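Asks: Just data_9.cif, nothing more (mmCIF, C-alpha atoms):
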```cif
data_structure
loop_
_atom_site.label_atom_id
_atom_site.label_comp_id
_atom_site.auth_asym_id
_atom_site.auth_seq_id
_atom_site.Cartn_x
_atom_site.Cartn_y
_atom_site.Cartn_z
CA MET A 5 119.40 130.09 105.97
CA GLN A 6 121.81 127.29 105.11
CA LEU A 7 124.30 126.41 107.84
CA ALA A 8 127.13 126.20 105.31
CA HIS A 9 126.42 129.76 104.18
CA ALA A 10 126.40 131.23 107.69
CA THR A 11 129.18 132.41 109.97
CA TRP A 12 129.56 131.03 113.48
CA LEU A 13 128.44 134.39 114.86
CA GLU A 14 125.25 134.18 112.82
CA VAL A 15 124.66 130.65 114.07
CA GLU A 16 125.23 131.77 117.66
CA ALA A 17 122.67 134.55 117.18
CA TYR A 18 120.22 132.07 115.64
CA LEU A 19 120.53 129.78 118.67
CA GLU A 20 119.42 132.64 120.89
CA ARG A 21 116.00 132.55 119.22
CA SER A 22 115.66 128.93 118.07
CA ASP A 23 117.08 125.51 118.92
CA GLY A 24 115.83 123.76 115.78
CA ILE A 25 117.65 122.70 112.63
CA ILE A 26 116.65 120.78 109.51
CA LEU A 27 118.92 117.97 108.29
CA PRO A 28 118.29 116.70 104.72
CA VAL A 29 119.32 113.07 104.11
CA GLY A 30 119.25 111.37 100.71
CA ALA A 31 121.40 108.89 98.80
CA THR A 32 123.82 108.56 95.88
CA GLU A 33 122.43 105.82 93.65
CA GLN A 34 121.10 105.08 90.18
CA HIS A 35 117.61 106.25 89.34
CA GLY A 36 116.86 104.52 86.09
CA PRO A 37 117.64 105.69 82.55
CA ILE A 38 116.58 109.33 83.06
CA GLY A 39 116.94 109.89 86.81
CA LEU A 40 119.99 111.66 88.20
CA ILE A 41 122.33 109.75 90.53
CA GLY A 42 121.73 112.33 93.26
CA THR A 43 117.93 112.38 92.88
CA GLU A 44 117.10 111.53 96.49
CA THR A 45 119.63 113.96 97.94
CA ILE A 46 118.47 116.69 95.56
CA CYS A 47 114.83 116.19 96.58
CA ALA A 48 115.62 116.20 100.31
CA GLU A 49 117.91 119.23 100.04
CA GLU A 50 115.60 121.31 97.84
CA ILE A 51 112.58 120.64 100.05
CA ALA A 52 114.54 121.22 103.27
CA THR A 53 116.12 124.46 102.03
CA ARG A 54 112.82 125.93 100.84
CA ALA A 55 111.00 124.79 103.98
CA GLY A 56 113.76 126.43 106.01
CA GLU A 57 113.15 129.68 104.15
CA GLN A 58 109.42 129.48 104.89
CA SER A 59 109.79 128.57 108.55
CA GLY A 60 112.92 130.58 109.39
CA ALA A 61 114.88 127.40 110.16
CA LEU A 62 118.59 126.82 109.75
CA VAL A 63 119.32 123.96 107.32
CA ALA A 64 122.35 121.69 107.68
CA PRO A 65 124.32 120.42 104.66
CA ALA A 66 122.66 117.47 102.95
CA LEU A 67 123.93 113.99 103.77
CA GLY A 68 124.19 111.92 100.60
CA TRP A 69 126.41 109.04 101.79
CA THR A 70 123.89 106.39 102.82
CA PRO A 71 123.14 102.66 102.38
CA ALA A 72 122.19 101.52 98.86
CA PRO A 73 123.91 98.12 98.44
CA PHE A 74 121.23 96.68 96.13
CA ASN A 75 122.14 99.23 93.43
CA MET A 76 125.89 98.73 93.47
CA LEU A 77 125.95 97.00 90.06
CA PHE A 78 124.67 100.21 88.46
CA PRO A 79 127.63 102.54 87.78
CA GLY A 80 127.66 105.70 89.88
CA THR A 81 125.99 104.30 92.97
CA ILE A 82 127.95 104.89 96.18
CA SER A 83 126.83 102.90 99.21
CA ILE A 84 128.03 102.85 102.80
CA SER A 85 127.12 100.27 105.42
CA VAL A 86 124.18 100.71 107.75
CA GLU A 87 126.63 100.66 110.65
CA LEU A 88 128.74 103.49 109.20
CA PHE A 89 125.65 105.50 108.27
CA SER A 90 124.22 105.07 111.76
CA ALA A 91 127.49 106.11 113.39
CA LEU A 92 127.78 109.14 111.10
CA VAL A 93 124.24 110.37 111.75
CA THR A 94 124.61 109.75 115.48
CA GLN A 95 127.76 111.86 115.63
CA ILE A 96 126.15 114.62 113.56
CA VAL A 97 123.03 114.75 115.73
CA ASP A 98 124.97 114.51 119.00
CA GLY A 99 127.35 117.24 117.84
CA LEU A 100 124.49 119.55 116.91
CA THR A 101 122.74 118.82 120.20
CA SER A 102 125.87 119.63 122.18
CA GLN A 103 125.96 123.08 120.54
CA GLY A 104 122.35 123.84 121.47
CA PHE A 105 120.38 122.40 118.56
CA ARG A 106 118.02 120.37 120.73
CA ARG A 107 115.50 119.76 117.94
CA VAL A 108 116.83 118.04 114.82
CA TYR A 109 114.27 117.58 112.05
CA VAL A 110 115.35 115.11 109.35
CA VAL A 111 113.94 115.46 105.83
CA ASN A 112 114.55 112.04 104.29
CA GLY A 113 114.59 111.09 100.61
CA HIS A 114 115.74 107.43 100.67
CA GLY A 115 113.78 104.41 101.88
CA ALA A 116 116.80 102.46 103.12
CA ASN A 117 117.61 105.28 105.54
CA LEU A 118 114.40 104.93 107.49
CA GLU A 119 115.11 101.93 109.71
CA PRO A 120 118.50 103.18 110.96
CA LEU A 121 117.20 106.74 111.33
CA HIS A 122 114.28 105.62 113.47
CA ARG A 123 116.62 103.54 115.63
CA ILE A 124 118.81 106.60 116.19
CA ALA A 125 115.74 108.68 117.06
CA GLU A 126 114.67 106.24 119.80
CA GLY A 127 115.22 107.93 123.13
CA ARG A 128 115.82 111.28 121.42
CA PRO A 129 112.55 113.24 121.71
CA GLY A 130 114.29 116.16 120.05
CA MET A 131 114.68 114.26 116.79
CA ARG A 132 111.94 113.84 114.19
CA ILE A 133 112.16 111.80 110.97
CA ARG A 134 109.99 112.70 107.99
CA SER A 135 110.26 111.49 104.41
CA TRP A 136 109.11 114.17 102.01
CA TRP A 137 106.39 111.86 100.67
CA ASP A 138 104.89 111.21 104.12
CA PHE A 139 102.28 113.95 103.87
CA ALA A 140 98.69 113.54 102.67
CA GLU A 141 98.79 116.58 100.39
CA VAL A 142 101.92 115.26 98.65
CA ASN A 143 100.56 111.74 98.24
CA ALA A 144 97.29 113.05 96.80
CA ILE A 145 99.28 114.70 94.00
CA ARG A 146 101.38 111.59 93.43
CA ARG A 147 98.26 109.43 93.09
CA GLU A 148 96.54 111.96 90.85
CA LEU A 149 99.51 112.28 88.51
CA TYR A 150 100.85 108.75 88.35
CA GLY A 151 98.62 106.20 90.10
CA ASP A 152 100.26 102.78 90.24
CA TRP A 153 103.05 103.99 87.91
CA GLU A 154 104.59 105.86 90.84
CA GLY A 155 106.14 102.52 91.78
CA MET A 156 108.97 102.23 94.28
CA HIS A 157 112.24 103.46 92.78
CA ALA A 158 113.14 106.08 90.18
CA THR A 159 109.62 107.36 90.74
CA PRO A 160 108.18 109.94 88.37
CA SER A 161 107.50 112.28 91.29
CA GLU A 162 111.12 112.40 92.49
CA VAL A 163 112.41 112.61 88.92
CA ALA A 164 109.94 115.46 88.29
CA ILE A 165 111.39 117.42 91.23
CA THR A 166 114.91 117.06 89.84
CA GLN A 167 113.65 118.15 86.41
CA ALA A 168 112.18 121.28 87.98
CA THR A 169 115.31 122.10 89.96
CA ARG A 170 118.21 120.67 87.91
CA ARG A 171 117.75 119.29 84.40
CA ARG A 172 115.63 116.99 82.25
CA VAL A 173 117.15 113.89 80.64
CA HIS A 174 115.69 111.76 77.84
CA HIS A 175 116.60 108.18 76.98
CA PRO A 176 114.53 105.85 74.79
CA MET A 177 114.97 103.07 77.35
CA ALA A 178 112.63 104.95 79.68
CA ASP A 179 109.86 105.43 77.10
CA GLU A 180 108.41 101.97 77.62
CA PRO A 181 106.64 101.25 80.92
CA PRO A 182 108.74 99.22 83.37
CA ARG A 183 107.84 95.83 84.74
CA PRO A 184 104.76 96.44 86.91
CA ILE A 185 104.74 95.63 90.63
CA ASP A 186 101.80 95.01 92.94
CA ALA A 187 100.89 95.95 96.51
CA ALA A 188 102.31 92.69 97.86
CA PHE A 189 105.69 93.44 96.28
CA VAL A 190 105.69 96.97 97.69
CA LYS A 191 104.92 95.67 101.17
CA ALA A 192 107.57 92.96 101.01
CA HIS A 193 110.26 95.38 99.81
CA ALA A 194 109.39 98.47 101.83
CA GLY A 195 112.45 100.29 103.12
CA ASP A 196 114.39 99.31 99.99
CA ARG A 197 114.76 95.66 100.95
CA HIS A 198 115.76 94.66 97.43
CA GLY A 199 118.23 91.88 98.06
CA PRO A 200 121.72 91.36 96.60
CA PRO A 201 122.87 93.66 93.78
CA ASP A 202 123.22 90.95 91.12
CA ALA A 203 119.67 89.69 91.66
CA HIS A 204 118.32 93.22 91.81
CA ARG A 205 119.85 94.26 88.49
CA ALA A 206 118.78 91.00 86.86
CA THR A 207 115.18 91.61 87.97
CA PHE A 208 115.13 95.34 87.16
CA PRO A 209 117.76 95.75 84.42
CA ASP A 210 117.02 99.42 83.66
CA GLY A 211 117.01 100.38 87.36
CA ARG A 212 113.33 101.29 87.67
CA VAL A 213 111.24 99.38 90.23
CA GLY A 214 107.68 99.66 88.95
CA SER A 215 108.15 103.40 88.32
CA HIS A 216 107.36 104.91 84.92
CA SER A 217 109.74 107.83 85.30
CA ALA A 218 109.15 109.05 81.72
CA LEU A 219 105.80 110.41 82.96
CA ALA A 220 107.68 113.07 84.94
CA THR A 221 107.56 116.71 83.89
CA PRO A 222 109.13 119.87 85.36
CA GLU A 223 105.64 121.33 85.81
CA ALA A 224 104.60 118.37 87.95
CA GLY A 225 107.87 118.72 89.85
CA LEU A 226 107.05 122.30 90.80
CA LYS A 227 103.62 121.23 92.02
CA LEU A 228 105.05 118.40 94.11
CA LEU A 229 107.83 120.62 95.42
CA ALA A 230 105.40 123.32 96.56
CA ALA A 231 103.22 120.78 98.39
CA ALA A 232 106.17 119.08 100.07
CA VAL A 233 107.76 122.37 101.12
CA HIS A 234 104.50 123.61 102.64
CA ALA A 235 103.93 120.33 104.50
CA VAL A 236 107.48 120.14 105.85
CA SER A 237 107.47 123.81 106.88
CA GLN A 238 104.22 123.38 108.80
CA ASP A 239 105.35 120.13 110.43
CA TYR A 240 108.73 121.57 111.41
CA SER A 241 107.14 124.68 112.90
CA ALA A 242 104.83 122.52 115.02
CA PHE A 243 107.75 120.31 116.05
CA VAL A 244 109.96 123.09 117.38
CA VAL A 245 107.25 124.30 119.75
CA SER A 246 106.04 120.87 120.87
CA VAL A 247 109.12 119.15 122.30
#
```
As a first step, turn the structure in this file into structure tokens.
Replies:
Amino acid sequence: MQLAHATWLEVEAYLERSDGIILPVGATEQHGPIGLIGTETICAEEIATRAGEQSGALVAPALGWTPAPFNMLFPGTISISVELFSALVTQIVDGLTSQGFRRVYVVNGHGANLEPLHRIAEGRPGMRIRSWWDFAEVNAIRRELYGDWEGMHATPSEVAITQATRRRVHHPMADEPPRPIDAAFVKAHAGDRHGPPDAHRATFPDGRVGSHSALATPEAGLKLLAAAVHAVSQDYSAFVVSV
């Protein structure tokens, strides 16, 4: 059940049988020529909502206001500071905890969220951070479908999930493969450490970072979605009985 679609009486009854809640966290930023601005929030929310249905968990509204300063020269990106994001998440988690939600499970969809989220989780054993791509069964599909063309940003796997759940976009700019990146680049830029926005757009003018998003299909999106939902549901269920 989604928290926003419940009454307070239903939430109170839920808390009598469970103290867990799933919080999807994404971003609002460009995702190349054919990726939707809300791609990362859509992925986190869809996976969290479906995992909540499988596990019987309540799911909080998705948080899409997050740090993405490197993409600010692409129209449509909305970025907030790490400090504001950290304060916002802290207040959300503390507020939920004060009401009896002692186990907050974050489904993340945006690399730049990870460092501040893990800092917030320090000293909070009732908080777990998982990106939807963390799981072996999900990564096996990503490698099988896309190999090195998965890249880092505007990935075909996340675009495929939005195609399966929202809509498919075509633009000729995406037909050609993007500039390739190597393992050293991925390591150096993990967590979306992409530098200032002007340099980032100059280096990756179409918004893709090593990701050939035109390889995405709705059929692949459904496959990835099913694997991620199953993995998150299983991990959440183990979490709520382990803390």
Asks: Taking a cut-off of 8 Å and counting all atoms listed in the file, can you build a table that, for each residue of region 193-232 of chain A near region 114-127 of chain A, reports the nearest atom pair and how far apart they are in Å (one decimal), sorted by chain then residue number, as CSV?
Replies:
```
residue,atom,partner,partner_atom,distance
A:Ala194,CA,A:Gly115,CA,7.4
A:Gly195,CA,A:Gly115,CA,4.5
A:Asp196,CA,A:Ala116,CA,5.1
A:Arg197,CA,A:Ala116,CA,7.4
```
Asks: Need the shell around Glu57 (chain A): protein/DNA/RNA residues with any atom at most 10 Å away, counting only C-alpha atoms. Skip same-chain ones fewer than 3 positions apart. Format as a list in words?
Replies: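 Surrounding residues, per the criterion: Met5, Gln6, Ile51, Ala52, Thr53, Arg54, Gly60, Ala61, Leu62, Val63, Val233 and Ser237 of chain A.
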Asks: Which one is closest to Glu223 (chain A): A:Leu149, A:Ala242, A:Leu13, A:Val173? Count all atoms listed in the file.
Replies: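 Closest candidate: A:Leu149.
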Asks: Between CA of Val111 (chain A) and CA of Asp98 (chain A), what is the spacing in Å?
Replies: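 CA of Val111 (chain A) lies 17.2 Å from CA of Asp98 (chain A).
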Asks: How would you write, as a PyMOL selection string, the residues chosen by the PyMOL selection byres ((chain A and resi 169) around 10) on this structure?
Replies: chain A and resi 46-47+50+163-168+170-172+222+225-226+229
Asks: Within 10 Å of Ala187 (chain A), counting all atoms listed in the file, which residues show up once you throw out same-chain ones fewer than 3 positions away? Write them as a list of chain:residue names, please.
Replies: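 With the cut-off at 10 Å, the set is A:Asp152, A:Gly155, A:Val190, A:Lys191, A:Ala192, A:His193.
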Asks: Do you know which residues are at most 10 Å from region 78-88 of chain A counting all atoms listed in the file, after dropping those on the same chain fewer than 5 positions away, and could you put them as a list in words?
Replies: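 Returned residues: Ala31, Thr32, Glu33, Gln34, His35, Gly36, Leu40, Ile41, Gly42, Gly68, Trp69, Thr70, Pro71, Ala72, Pro73, Val93, Thr94, Ala116, Asn117, Glu119, Pro120, Leu121, Pro201, Asp202, Arg205, Pro209, Asp210 and Gly211 of chain A.
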Asks: At what distance in Å, to one decimal, does CA of Ser161 (chain A) lie from CA of Ile25 (chain A)?
Replies: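 Here the two named atoms are 25.8 Å from each other.
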Asks: Separation of CA of Ser135 (chain A) and CA of Ile96 (chain A), in Å?
Replies: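 A separation of 18.6 Å between them.
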Asks: Which residues come within 9 Å of Ser215 (chain A), counting only C-alpha atoms, excluding same-chain residues fewer than 4 positions away, as a list in words?
Replies: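 Contacts, with the query itself left out: Asp152, Trp153, Glu154, Gly155, Met156, His157, Ala158, Thr159, Pro160, Pro181, Pro182, Arg183, Pro184 and Ile185 of chain A.
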Asks: Just region 117-136 of chain A from the block, N, CA and C atoms, as a PDB file, in the first residue's frame, could you?
Replies:
```pdb
ATOM      1  N   ASN A 117      23.067  10.388  -4.648  1.00  0.00           N
ATOM      2  CA  ASN A 117      22.391  10.308  -3.347  1.00  0.00           C
ATOM      3  C   ASN A 117      23.135   9.429  -2.348  1.00  0.00           C
ATOM      4  N   LEU A 118      23.986   8.551  -2.854  1.00  0.00           N
ATOM      5  CA  LEU A 118      24.504   7.483  -2.002  1.00  0.00           C
ATOM      6  C   LEU A 118      25.363   7.968  -0.844  1.00  0.00           C
ATOM      7  N   GLU A 119      26.297   8.856  -1.112  1.00  0.00           N
ATOM      8  CA  GLU A 119      27.175   9.314  -0.029  1.00  0.00           C
ATOM      9  C   GLU A 119      26.393   9.989   1.097  1.00  0.00           C
ATOM     10  N   PRO A 120      25.522  10.969   0.789  1.00  0.00           N
ATOM     11  CA  PRO A 120      24.749  11.560   1.896  1.00  0.00           C
ATOM     12  C   PRO A 120      23.794  10.574   2.557  1.00  0.00           C
ATOM     13  N   LEU A 121      23.203   9.663   1.806  1.00  0.00           N
ATOM     14  CA  LEU A 121      22.306   8.688   2.413  1.00  0.00           C
ATOM     15  C   LEU A 121      23.038   7.779   3.386  1.00  0.00           C
ATOM     16  N   HIS A 122      24.218   7.334   3.013  1.00  0.00           N
ATOM     17  CA  HIS A 122      24.979   6.460   3.912  1.00  0.00           C
ATOM     18  C   HIS A 122      25.446   7.215   5.157  1.00  0.00           C
ATOM     19  N   ARG A 123      25.751   8.500   5.012  1.00  0.00           N
ATOM     20  CA  ARG A 123      26.098   9.292   6.201  1.00  0.00           C
ATOM     21  C   ARG A 123      24.910   9.387   7.153  1.00  0.00           C
ATOM     22  N   ILE A 124      23.732   9.602   6.604  1.00  0.00           N
ATOM     23  CA  ILE A 124      22.528   9.685   7.438  1.00  0.00           C
ATOM     24  C   ILE A 124      22.269   8.362   8.139  1.00  0.00           C
ATOM     25  N   ALA A 125      22.536   7.259   7.437  1.00  0.00           N
ATOM     26  CA  ALA A 125      22.258   5.929   7.997  1.00  0.00           C
ATOM     27  C   ALA A 125      23.238   5.525   9.099  1.00  0.00           C
ATOM     28  N   GLU A 126      24.382   6.209   9.184  1.00  0.00           N
ATOM     29  CA  GLU A 126      25.350   5.889  10.240  1.00  0.00           C
ATOM     30  C   GLU A 126      24.706   6.123  11.609  1.00  0.00           C
ATOM     31  N   GLY A 127      24.800   5.132  12.462  1.00  0.00           N
ATOM     32  CA  GLY A 127      24.201   5.243  13.782  1.00  0.00           C
ATOM     33  C   GLY A 127      22.705   5.008  13.797  1.00  0.00           C
ATOM     34  N   ARG A 128      22.130   4.665  12.635  1.00  0.00           N
ATOM     35  CA  ARG A 128      20.707   4.343  12.563  1.00  0.00           C
ATOM     36  C   ARG A 128      20.560   2.905  12.064  1.00  0.00           C
ATOM     37  N   PRO A 129      20.643   1.918  12.945  1.00  0.00           N
ATOM     38  CA  PRO A 129      20.540   0.518  12.504  1.00  0.00           C
ATOM     39  C   PRO A 129      19.199   0.184  11.867  1.00  0.00           C
ATOM     40  N   GLY A 130      18.221   1.031  12.077  1.00  0.00           N
ATOM     41  CA  GLY A 130      16.912   0.810  11.481  1.00  0.00           C
ATOM     42  C   GLY A 130      16.766   1.434  10.114  1.00  0.00           C
ATOM     43  N   MET A 131      17.887   1.778   9.481  1.00  0.00           N
ATOM     44  CA  MET A 131      17.833   2.369   8.148  1.00  0.00           C
ATOM     45  C   MET A 131      18.737   1.573   7.220  1.00  0.00           C
ATOM     46  N   ARG A 132      18.209   1.173   6.078  1.00  0.00           N
ATOM     47  CA  ARG A 132      19.003   0.428   5.091  1.00  0.00           C
ATOM     48  C   ARG A 132      18.912   1.124   3.750  1.00  0.00           C
ATOM     49  N   ILE A 133      20.058   1.253   3.066  1.00  0.00           N
ATOM     50  CA  ILE A 133      20.128   1.905   1.759  1.00  0.00           C
ATOM     51  C   ILE A 133      20.420   0.840   0.700  1.00  0.00           C
ATOM     52  N   ARG A 134      19.583   0.773  -0.304  1.00  0.00           N
ATOM     53  CA  ARG A 134      19.824  -0.124  -1.429  1.00  0.00           C
ATOM     54  C   ARG A 134      19.497   0.601  -2.732  1.00  0.00           C
ATOM     55  N   SER A 135      20.455   0.612  -3.654  1.00  0.00           N
ATOM     56  CA  SER A 135      20.139   1.037  -5.019  1.00  0.00           C
ATOM     57  C   SER A 135      19.544  -0.156  -5.747  1.00  0.00           C
ATOM     58  N   TRP A 136      18.629   0.098  -6.658  1.00  0.00           N
ATOM     59  CA  TRP A 136      17.907  -1.016  -7.285  1.00  0.00           C
ATOM     60  C   TRP A 136      18.831  -1.893  -8.112  1.00  0.00           C
TER      61      TRP A 136
END
```
